[in-house]
Amino acid sequence: MLAEHDRAERLMEIAKAEGLYEEIHLLKEDGTLAGPVDDIPPEVMVAMYRHMVFSRAFDRKAIALQRQGRIGTYAPFEGQEAAQVASAMALAPEDFVFPSYRDHAATMVLGQSPAHVLLYWSGRVEGIRSPEGRHILPPSVPIATHVLHAVGAAWASRHRKENAVSIAYFGDGATSEGDFHEALNFAGVFHLPVIFFCQNNGYAISVPFSRQSASRTIAQRAIAYDIVGVRVDGNDAFAVYRAVKEARSRALHGLGPTLIEAVTFRMGAHTTADDPTRYRDQKAVVEDWRKRDPIVRLRLYLESQKLWSEADEAKLQDEVKRRVEAAVEEALAIAPPDMEMMFDHVYAEEPWHLAAEREEYRRTREGVSV
Amino acid sequence: MSRMLNLVQAINEALDLKLADDPRVVLLGEDIGKNGGVFRATDGLLEKYGEERVIDTPLAESAIIGTSIGMAVNGLIPVPEIQFLAFIFPALDQLFSHVARMRYRSQGQFPVPMTIRTPYGAGIHGPELHAESVESFFAHTPGLKVVVPSGPYDAKGLLISAIEDPDPVVFLEPTKLYRAFREEVSEGLYRVPIGKAKRVREGEDVSVFAWGSMLRTALKVAESLERERGFACDVIDLRTLYPLDRDAIVESVQKTGRAVVVHEAHKTAGLGAEIVSLINEEALLYLRAPVKRIAGFDVPVPFFALEDEYMPTEARIRAGIEETITF
Ligand SMILES: Cc1ncc(C[n+]2csc(CCOP(=O)(O)OP(=O)(O)O)c2C)c(N)n1
Ligand SMILES: [Mg+2]
């Protein structure tokens, strides 16, 4: 067996050779730049900021609603706003998007209504309909399964000669599933226009990434499949935006898939049913990651560039409050479901046995004794 | 000595006792160590038995079951946990192609003693795919045993029997019952036999077969039917779904001449169909009414706003039993 430090040294050599352990930064924690950002228009930067502030307020509200028993279990994304918002902003309407259950900051950028997100977490299937003109698939609950769907959709885009890519959103835990590896391999073999967007938020429920894999990074998995791998600061909206833009452009030029590891942190619980204090020093890690908050640094930068002012901020906070409240009102005002809808959409045409069950359901619901 | 425990505490105690009792027993699964399991079924066990025996694994069900096979053929007794029943799907190849067949293919040389524990069933209003009850997949797979407790006492005794069983057992824990009620549970190791059903209410008018969380719903209906209409139900908790307790089923139907099966799994090709066939084969001439199945509808288990209506409700069970008795 290699001594621990030999192993570490050897790994670092491999890493240097491939350049994959380097985390790409553009926007530093203090709001200054680590490199030029001329490719990102100022109005995009401002829009990113607005989306991120809105999603954080929405996320916190959703947690509060769960606590009040007004929605069901909810999976918060605080801390991951830059990764989600900036990646979604780098996409085009024709792209196919395969989110997981925690990616609402991304899907809301793409037009999913906040009220629908709340509806989804209230156990209503209506909440996951794709907004018109977009291709956002229902969030995948079984981890990593949808990564393959993105590969297939990309295959179809190429087949149909469409100028579109597919993107799969998934977590660090997902990279342990076979489906993830099969997806990378297929995409590599067929040079498919797909983006594997992994938010490494440090944990899969209670399991830290160090326990998830002996690989130091997720990006380095790309080496094995000979596809492009990139590791970016996931709390740096500019770095994420550029990484996805570049991946998209490579994909459309026939250069195949990219695996992007966005290094970020899940500030809160896995879901509202989870208690993070059982497996980590919640106070300490949150304090540490607060320093790397994706929203704070973006605001500092925008202010330094005179793209944002105190007055803008006050106006935005007001607007965000109103929009969140409106979403809650809208969601709560939606009529309760007609229970019979559970029989809808099982097949294109209802077979006899389902028709009979629907009928049986109606009869017992109306209390007609048989 | 006994104390009042809920089902999840009873499970925890069974695991604790078997870890203490048999050094070959190891637990593995997602979030079972530090976190004590998402339902806390393994709470405290990592601290007590250490990382070599209570293993937090990476997120990969096929690997959890696949490596359990290797452990089992090499002298360990793995007790893998799958976080929710639906998440066993990535591991079905390992389960169906290997766990269930290894004894057979190796002609007894490599048995695979393991107990796969997993929360199952609807009723806690979780997200999508946290409410499946696909027990018939496993009951359709020769080589596996399938066990479902309906209360804390049985849960502990059945789990101990499962871990001690020389064959692989799929142990389905009704999530709805984890904390639903407490009952007297004896301290120390005791066994509830696999393959044996249990009569939980005596009656002459109709046999009612159920398991898991549906047992309690069926019992409630049976009580109110007796009170309100004087119908006496013979309620049988099947407890083991594969292999079924044929004698208990047949004996009850011979007595009552009527039978109803209640399960929350989809009706089509659900276990109810198997029970009806068994009754046909063994007790047809005793029947005074067609055997009725009251089951989950043949739709994907819906999102939770509709979940309660998907499950057999008291009203549906009551209507079904009345119809069978007054046929
Ligand atoms: C196949 C499968 N196994 C287990 C689960 C239960 N589960 C839900 S989320 C989760 C952790 C996922 O971690 P990660 O991929 O890092 O994503 P994150 O939740 O951090 O966004 C687990 C184990 C699941 N949904 N699907
Ligand atoms: Mg994660």
# chains A, B, ... in the order shown; residues from 1 in each chain; ligands from 1

$ residues_near_ligand --ligand "ligand 2" --cutoff "9 Å" --atoms "only C-alpha atoms and all ligand atoms" --output "JSON, numbers by chain"
{"A": [170, 171, 172, 173, 174, 198, 199, 200, 201, 202, 203, 204, 205, 207, 208, 209, 265, 266, 270]}

$ write_last_selection --atoms "N, CA and C atoms" --output "PDB file, in the first residue's frame"
ATOM      1  N   PHE A 170     -27.364  18.072 -11.280  1.00  0.00           N
ATOM      2  CA  PHE A 170     -27.328  17.006 -10.269  1.00  0.00           C
ATOM      3  C   PHE A 170     -26.307  17.365  -9.198  1.00  0.00           C
ATOM      4  N   GLY A 171     -26.254  16.551  -8.157  1.00  0.00           N
ATOM      5  CA  GLY A 171     -25.405  16.865  -7.015  1.00  0.00           C
ATOM      6  C   GLY A 171     -24.160  16.007  -6.945  1.00  0.00           C
ATOM      7  N   ASP A 172     -23.372  16.254  -5.927  1.00  0.00           N
ATOM      8  CA  ASP A 172     -22.142  15.477  -5.720  1.00  0.00           C
ATOM      9  C   ASP A 172     -22.455  14.011  -5.429  1.00  0.00           C
ATOM     10  N   GLY A 173     -23.518  13.788  -4.671  1.00  0.00           N
ATOM     11  CA  GLY A 173     -23.888  12.406  -4.363  1.00  0.00           C
ATOM     12  C   GLY A 173     -24.213  11.626  -5.624  1.00  0.00           C
ATOM     13  N   ALA A 174     -24.825  12.305  -6.574  1.00  0.00           N
ATOM     14  CA  ALA A 174     -25.246  11.652  -7.814  1.00  0.00           C
ATOM     15  C   ALA A 174     -24.075  11.046  -8.579  1.00  0.00           C
ATOM     16  N   CYS A 198     -22.810  19.752 -12.361  1.00  0.00           N
ATOM     17  CA  CYS A 198     -22.846  19.187 -11.005  1.00  0.00           C
ATOM     18  C   CYS A 198     -22.641  20.281  -9.973  1.00  0.00           C
ATOM     19  N   GLN A 199     -23.613  20.433  -9.098  1.00  0.00           N
ATOM     20  CA  GLN A 199     -23.415  21.332  -7.961  1.00  0.00           C
ATOM     21  C   GLN A 199     -22.854  20.503  -6.807  1.00  0.00           C
ATOM     22  N   ASN A 200     -21.574  20.661  -6.601  1.00  0.00           N
ATOM     23  CA  ASN A 200     -20.963  19.977  -5.461  1.00  0.00           C
ATOM     24  C   ASN A 200     -21.190  20.860  -4.241  1.00  0.00           C
ATOM     25  N   ASN A 201     -22.274  20.562  -3.538  1.00  0.00           N
ATOM     26  CA  ASN A 201     -22.616  21.387  -2.361  1.00  0.00           C
ATOM     27  C   ASN A 201     -22.106  20.751  -1.077  1.00  0.00           C
ATOM     28  N   GLY A 202     -21.142  19.855  -1.241  1.00  0.00           N
ATOM     29  CA  GLY A 202     -20.441  19.342  -0.064  1.00  0.00           C
ATOM     30  C   GLY A 202     -21.061  18.128   0.582  1.00  0.00           C
ATOM     31  N   TYR A 203     -22.356  17.978   0.428  1.00  0.00           N
ATOM     32  CA  TYR A 203     -23.049  16.898   1.133  1.00  0.00           C
ATOM     33  C   TYR A 203     -24.105  16.218   0.282  1.00  0.00           C
ATOM     34  N   ALA A 204     -24.251  14.928   0.495  1.00  0.00           N
ATOM     35  CA  ALA A 204     -25.422  14.195   0.039  1.00  0.00           C
ATOM     36  C   ALA A 204     -26.149  13.798   1.323  1.00  0.00           C
ATOM     37  N   ILE A 205     -27.196  14.502   1.634  1.00  0.00           N
ATOM     38  CA  ILE A 205     -27.822  14.445   2.960  1.00  0.00           C
ATOM     39  C   ILE A 205     -26.720  14.582   4.019  1.00  0.00           C
ATOM     40  N   VAL A 207     -23.827  12.744   4.127  1.00  0.00           N
ATOM     41  CA  VAL A 207     -22.537  12.195   3.710  1.00  0.00           C
ATOM     42  C   VAL A 207     -21.689  13.273   3.032  1.00  0.00           C
ATOM     43  N   PRO A 208     -20.536  13.629   3.617  1.00  0.00           N
ATOM     44  CA  PRO A 208     -19.682  14.649   3.010  1.00  0.00           C
ATOM     45  C   PRO A 208     -19.016  14.093   1.753  1.00  0.00           C
ATOM     46  N   PHE A 209     -18.590  14.984   0.871  1.00  0.00           N
ATOM     47  CA  PHE A 209     -18.014  14.489  -0.379  1.00  0.00           C
ATOM     48  C   PHE A 209     -16.799  13.603  -0.129  1.00  0.00           C
ATOM     49  N   PHE A 265     -22.019  25.344  -1.649  1.00  0.00           N
ATOM     50  CA  PHE A 265     -22.347  24.799  -0.330  1.00  0.00           C
ATOM     51  C   PHE A 265     -23.835  24.921  -0.048  1.00  0.00           C
ATOM     52  N   ARG A 266     -24.376  23.855   0.479  1.00  0.00           N
ATOM     53  CA  ARG A 266     -25.775  23.873   0.914  1.00  0.00           C
ATOM     54  C   ARG A 266     -25.794  24.439   2.325  1.00  0.00           C
ATOM     55  N   HIS A 270     -30.722  19.437   4.347  1.00  0.00           N
ATOM     56  CA  HIS A 270     -30.971  18.738   3.089  1.00  0.00           C
ATOM     57  C   HIS A 270     -32.409  18.980   2.636  1.00  0.00           C
TER      58      HIS A 270
END

$ interface_residues --of "chain B" --to "chain A" --cutoff "7 Å" --atoms "only C-alpha atoms" --output "number ranges by chain"
B: 31, 34-35, 58-60, 87, 126-128, 297-299, 302-306, 315-316, 319, 323

$ write_last_selection --atoms "N, CA and C atoms" --output "tab-separated table (two decimals), in the first residue's frame"
chain	number	residue	atom	x	y	z
B	31	ASP	N	-26.58	7.23	4.68
B	31	ASP	CA	-26.97	8.04	5.84
B	31	ASP	C	-27.36	7.22	7.07
B	34	LYS	N	-23.65	8.26	10.82
B	34	LYS	CA	-23.69	9.52	11.57
B	34	LYS	C	-25.11	10.04	11.75
B	35	ASN	N	-25.86	9.96	10.69
B	35	ASN	CA	-27.22	10.51	10.72
B	35	ASN	C	-28.21	9.56	11.39
B	58	PRO	N	-21.25	5.47	-0.04
B	58	PRO	CA	-21.58	6.41	-1.10
B	58	PRO	C	-22.99	6.12	-1.64
B	59	LEU	N	-23.47	7.06	-2.45
B	59	LEU	CA	-24.86	6.99	-2.90
B	59	LEU	C	-24.97	6.09	-4.14
B	60	ALA	N	-25.14	4.80	-3.92
B	60	ALA	CA	-25.20	3.87	-5.05
B	60	ALA	C	-25.82	2.56	-4.59
B	87	PHE	N	-35.93	3.36	-4.29
B	87	PHE	CA	-34.53	3.56	-4.63
B	87	PHE	C	-33.77	2.24	-4.70
B	126	GLY	N	-44.78	12.17	1.65
B	126	GLY	CA	-43.42	12.50	1.22
B	126	GLY	C	-43.45	12.91	-0.24
B	127	PRO	N	-42.26	13.23	-0.78
B	127	PRO	CA	-42.20	13.56	-2.20
B	127	PRO	C	-42.50	12.33	-3.07
B	128	GLU	N	-42.47	12.59	-4.37
B	128	GLU	CA	-42.70	11.53	-5.35
B	128	GLU	C	-41.76	10.34	-5.09
B	297	PHE	N	-55.15	1.84	-6.57
B	297	PHE	CA	-55.58	1.86	-7.97
B	297	PHE	C	-54.39	1.59	-8.90
B	298	ASP	N	-54.73	1.25	-10.13
B	298	ASP	CA	-53.69	0.95	-11.11
B	298	ASP	C	-53.17	2.22	-11.77
B	299	VAL	N	-52.72	3.13	-10.92
B	299	VAL	CA	-52.10	4.37	-11.39
B	299	VAL	C	-50.78	4.51	-10.64
B	302	PRO	N	-49.82	8.53	-6.76
B	302	PRO	CA	-49.83	9.95	-7.12
B	302	PRO	C	-49.07	10.82	-6.13
B	303	PHE	N	-48.82	12.07	-6.52
B	303	PHE	CA	-48.25	13.06	-5.60
B	303	PHE	C	-49.12	13.12	-4.36
B	304	PHE	N	-48.56	13.62	-3.26
B	304	PHE	CA	-49.21	13.36	-1.98
B	304	PHE	C	-50.55	14.04	-1.76
B	305	ALA	N	-50.84	15.08	-2.54
B	305	ALA	CA	-52.17	15.70	-2.38
B	305	ALA	C	-53.27	14.69	-2.70
B	306	LEU	N	-52.94	13.68	-3.49
B	306	LEU	CA	-53.94	12.68	-3.88
B	306	LEU	C	-53.69	11.32	-3.21
B	315	ALA	N	-63.73	3.69	3.78
B	315	ALA	CA	-65.01	3.59	3.07
B	315	ALA	C	-64.95	2.49	2.01
B	316	ARG	N	-63.85	2.44	1.26
B	316	ARG	CA	-63.74	1.41	0.21
B	316	ARG	C	-63.64	0.01	0.82
B	319	ALA	N	-67.11	-0.92	2.14
B	319	ALA	CA	-68.03	-1.26	1.05
B	319	ALA	C	-67.71	-2.65	0.50
B	323	GLU	N	-70.20	-5.84	0.70
B	323	GLU	CA	-70.65	-6.45	-0.55
B	323	GLU	C	-70.37	-7.95	-0.54

$ closest_residue --among "B:Gly188, B:Gly29, B:Gly143, B:Gly270" --to "ligand 1" --atoms "only C-alpha atoms and all ligand atoms"
B:Gly29

$ closest_residue --among "A:Met267, A:Ile227, A:Leu110, A:Ala219" --to "ligand 1" --atoms "only C-alpha atoms and all ligand atoms"
A:Met267

$ residues_around --residues "Lys48 in chain B" --least-positions-apart "5" --cutoff "12 Å" --atoms "only C-alpha atoms" --output "PDB file with N, CA, C and O atoms, in the first residue's frame"
ATOM      1  N   LEU B  15     -31.673  -4.537  15.521  1.00  0.00           N
ATOM      2  CA  LEU B  15     -30.359  -4.382  14.894  1.00  0.00           C
ATOM      3  C   LEU B  15     -29.268  -4.348  15.959  1.00  0.00           C
ATOM      4  O   LEU B  15     -28.215  -4.995  15.823  1.00  0.00           O
ATOM      5  N   ASP B  16     -29.521  -3.596  17.001  1.00  0.00           N
ATOM      6  CA  ASP B  16     -28.573  -3.467  18.099  1.00  0.00           C
ATOM      7  C   ASP B  16     -28.267  -4.858  18.681  1.00  0.00           C
ATOM      8  O   ASP B  16     -27.101  -5.252  18.837  1.00  0.00           O
ATOM      9  N   LEU B  17     -29.312  -5.613  18.949  1.00  0.00           N
ATOM     10  CA  LEU B  17     -29.119  -6.930  19.568  1.00  0.00           C
ATOM     11  C   LEU B  17     -28.361  -7.881  18.652  1.00  0.00           C
ATOM     12  O   LEU B  17     -27.502  -8.642  19.098  1.00  0.00           O
ATOM     13  N   LEU B  19     -26.261  -7.022  16.224  1.00  0.00           N
ATOM     14  CA  LEU B  19     -24.866  -6.567  16.121  1.00  0.00           C
ATOM     15  C   LEU B  19     -24.074  -7.056  17.335  1.00  0.00           C
ATOM     16  O   LEU B  19     -22.923  -7.484  17.219  1.00  0.00           O
ATOM     17  N   ALA B  20     -24.705  -6.999  18.499  1.00  0.00           N
ATOM     18  CA  ALA B  20     -24.028  -7.430  19.724  1.00  0.00           C
ATOM     19  C   ALA B  20     -23.860  -8.945  19.746  1.00  0.00           C
ATOM     20  O   ALA B  20     -22.848  -9.473  20.201  1.00  0.00           O
ATOM     21  N   GLY B  33     -25.191   5.908   9.283  1.00  0.00           N
ATOM     22  CA  GLY B  33     -24.212   5.986  10.361  1.00  0.00           C
ATOM     23  C   GLY B  33     -24.382   7.241  11.198  1.00  0.00           C
ATOM     24  O   GLY B  33     -25.185   7.289  12.126  1.00  0.00           O
ATOM     25  N   LYS B  34     -23.649   8.264  10.823  1.00  0.00           N
ATOM     26  CA  LYS B  34     -23.692   9.525  11.571  1.00  0.00           C
ATOM     27  C   LYS B  34     -25.106  10.036  11.754  1.00  0.00           C
ATOM     28  O   LYS B  34     -25.490  10.515  12.807  1.00  0.00           O
ATOM     29  N   GLY B  36     -27.809   8.318  11.571  1.00  0.00           N
ATOM     30  CA  GLY B  36     -28.713   7.351  12.199  1.00  0.00           C
ATOM     31  C   GLY B  36     -29.876   6.932  11.321  1.00  0.00           C
ATOM     32  O   GLY B  36     -30.876   6.419  11.805  1.00  0.00           O
ATOM     33  N   THR B  42     -31.334   3.444  12.618  1.00  0.00           N
ATOM     34  CA  THR B  42     -30.013   2.962  13.039  1.00  0.00           C
ATOM     35  C   THR B  42     -29.363   3.927  14.033  1.00  0.00           C
ATOM     36  O   THR B  42     -28.147   3.905  14.221  1.00  0.00           O
ATOM     37  N   ASP B  43     -30.168   4.745  14.650  1.00  0.00           N
ATOM     38  CA  ASP B  43     -29.673   5.760  15.584  1.00  0.00           C
ATOM     39  C   ASP B  43     -28.788   5.139  16.665  1.00  0.00           C
ATOM     40  O   ASP B  43     -29.154   4.144  17.286  1.00  0.00           O
ATOM     41  N   ARG B  53     -18.611  -1.734  11.123  1.00  0.00           N
ATOM     42  CA  ARG B  53     -19.826  -2.549  11.194  1.00  0.00           C
ATOM     43  C   ARG B  53     -21.094  -1.764  10.890  1.00  0.00           C
ATOM     44  O   ARG B  53     -22.139  -2.363  10.619  1.00  0.00           O
ATOM     45  N   VAL B  54     -20.994  -0.472  10.964  1.00  0.00           N
ATOM     46  CA  VAL B  54     -22.153   0.371  10.615  1.00  0.00           C
ATOM     47  C   VAL B  54     -21.626   1.376   9.594  1.00  0.00           C
ATOM     48  O   VAL B  54     -20.962   2.344   9.939  1.00  0.00           O
TER      49      VAL B  54
END

$ closest_residue --among "A:Asp236, A:Glu349, A:Asp318, A:Asp281" --to "Ile295 in chain A" --atoms "only C-alpha atoms"
A:Asp236
